[in-house]
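File shown: my_file_34.csv (CSV, C-alpha atoms).
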```csv
chain,number,residue,atom,x,y,z
Z,410,MET,CA,178.1,5.7,120.9
Z,411,ILE,CA,181.3,5.4,122.9
Z,412,LYS,CA,181.9,2.1,124.6
Z,413,LEU,CA,184.1,2.1,127.7
Z,414,LEU,CA,185.8,-1.1,128.7
Z,415,THR,CA,186.6,-2.3,132.2
Z,416,ILE,CA,190.1,-3.6,133.0
Z,417,GLU,CA,188.7,-7.1,132.9
Z,418,GLU,CA,187.5,-6.6,129.3
Z,419,VAL,CA,190.8,-5.1,128.4
Z,420,THR,CA,192.6,-8.2,129.8
Z,421,GLU,CA,190.4,-10.4,127.6
Z,422,ILE,CA,190.9,-8.4,124.4
Z,423,LEU,CA,194.7,-8.2,124.9
Z,424,ARG,CA,195.0,-11.7,126.4
Z,425,VAL,CA,197.1,-10.4,129.2
Z,426,SER,CA,197.0,-10.7,133.0
Z,427,LYS,CA,195.4,-8.1,135.2
Z,428,PRO,CA,198.7,-6.8,136.5
Z,429,THR,CA,199.9,-6.4,133.0
Z,430,ALA,CA,196.8,-4.5,132.1
Z,431,TYR,CA,197.3,-2.1,135.0
Z,432,ASN,CA,200.9,-1.6,134.0
Z,433,LEU,CA,199.7,-0.6,130.5
Z,434,ILE,CA,197.0,1.7,132.1
Z,435,HIS,CA,199.7,3.6,134.0
Z,436,GLY,CA,202.0,3.8,131.0
Z,437,GLU,CA,202.4,6.8,128.6
Z,438,GLY,CA,200.3,6.8,125.5
Z,439,PHE,CA,197.7,4.2,126.6
Z,440,PRO,CA,194.1,5.4,125.9
Z,441,LYS,CA,192.6,5.5,129.4
Z,442,VAL,CA,190.2,7.6,131.4
Z,443,LYS,CA,189.7,7.6,135.2
Z,444,ILE,CA,186.1,7.8,136.4
Z,445,GLY,CA,186.1,8.2,140.1
Z,446,ARG,CA,188.4,5.4,141.3
Z,447,ALA,CA,187.9,3.2,138.3
Z,448,TRP,CA,189.9,3.1,135.1
Z,449,ARG,CA,188.1,2.7,131.7
Z,450,VAL,CA,189.4,2.4,128.2
Z,451,GLU,CA,187.5,3.6,125.1
Z,452,GLU,CA,187.1,0.6,122.8
Z,453,GLN,CA,187.9,2.4,119.5
Z,454,LEU,CA,191.0,4.1,121.0
Z,455,LEU,CA,192.2,0.7,122.3
Z,456,LEU,CA,191.8,-0.8,118.8
Z,457,LYS,CA,193.7,2.2,117.3
Z,458,TRP,CA,196.4,1.8,120.0
Z,459,ILE,CA,196.8,-1.9,119.0
Z,460,GLN,CA,197.1,-1.1,115.3
Z,461,ALA,CA,199.8,1.5,116.1
Z,462,LYS,CA,201.7,-1.0,118.1
Z,463,SER,CA,201.5,-3.7,115.4
Z,464,VAL,CA,204.7,-4.8,113.8
Z,465,THR,CA,204.5,-5.4,110.0
```
Please, can you express the file's structure as structure tokens?
Amino acid sequence: MIKLLTIEEVTEILRVSKPTAYNLIHGEGFPKVKIGRAWRVEEQLLLKWIQAKSVT
């Protein structure tokens, strides 16, 4: 089952502000989908995006 997150849920997971989350949503390579007027983020793709951005 695919879980789609709201912008508010993304802000909580990433611990960023709402404007920062919207900046990410509008950036290249961020896993997003637009449903009507609302943006959603697939949870598993967000986790993969976080791992890809991790610095080791």
At a cut-off of 8 Å, using only C-alpha atoms, what residues contact Val450 (chain Z)? Leave out same-chain residues fewer than 2 positions from it and give the result as a JSON list (two decimals) with C-alpha atoms, in the coordinates of the input.
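The new file part_28.json reads:
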```
[["chain", "number", "residue", "atom", "x", "y", "z"],
["Z", 413, "LEU", "CA", 184.10, 2.10, 127.70],
["Z", 414, "LEU", "CA", 185.80, -1.10, 128.70],
["Z", 415, "THR", "CA", 186.60, -2.30, 132.20],
["Z", 416, "ILE", "CA", 190.10, -3.60, 133.00],
["Z", 419, "VAL", "CA", 190.80, -5.10, 128.40],
["Z", 440, "PRO", "CA", 194.10, 5.40, 125.90],
["Z", 441, "LYS", "CA", 192.60, 5.50, 129.40],
["Z", 442, "VAL", "CA", 190.20, 7.60, 131.40],
["Z", 448, "TRP", "CA", 189.90, 3.10, 135.10],
["Z", 452, "GLU", "CA", 187.10, 0.60, 122.80],
["Z", 454, "LEU", "CA", 191.00, 4.10, 121.00],
["Z", 455, "LEU", "CA", 192.20, 0.70, 122.30]]
```
Quiz item: Between Z:Arg449, Z:Lys457, Z:His435, Z:Lys443, which one has atoms that come closest to Glu418 (chain Z), using only C-alpha atoms?
Solution: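 Selected residue with least distance to Glu418 (chain Z): Z:Arg449.
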Exercise. Rank nothing, just name the residue among Z:Glu417, Z:Ile459, Z:Val464, Z:Gln453 nearest to Thr429 (chain Z), using all atoms listed in the file.
Key: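 Selected residue with least distance to Thr429 (chain Z): Z:Glu417.
Compared by their closest atoms to Lys412 (chain Z), and using all atoms listed in the file, the residues Z:Ile434, Z:Lys462, Z:Arg446, Z:Leu456 rank with Z:Leu456 nearest.
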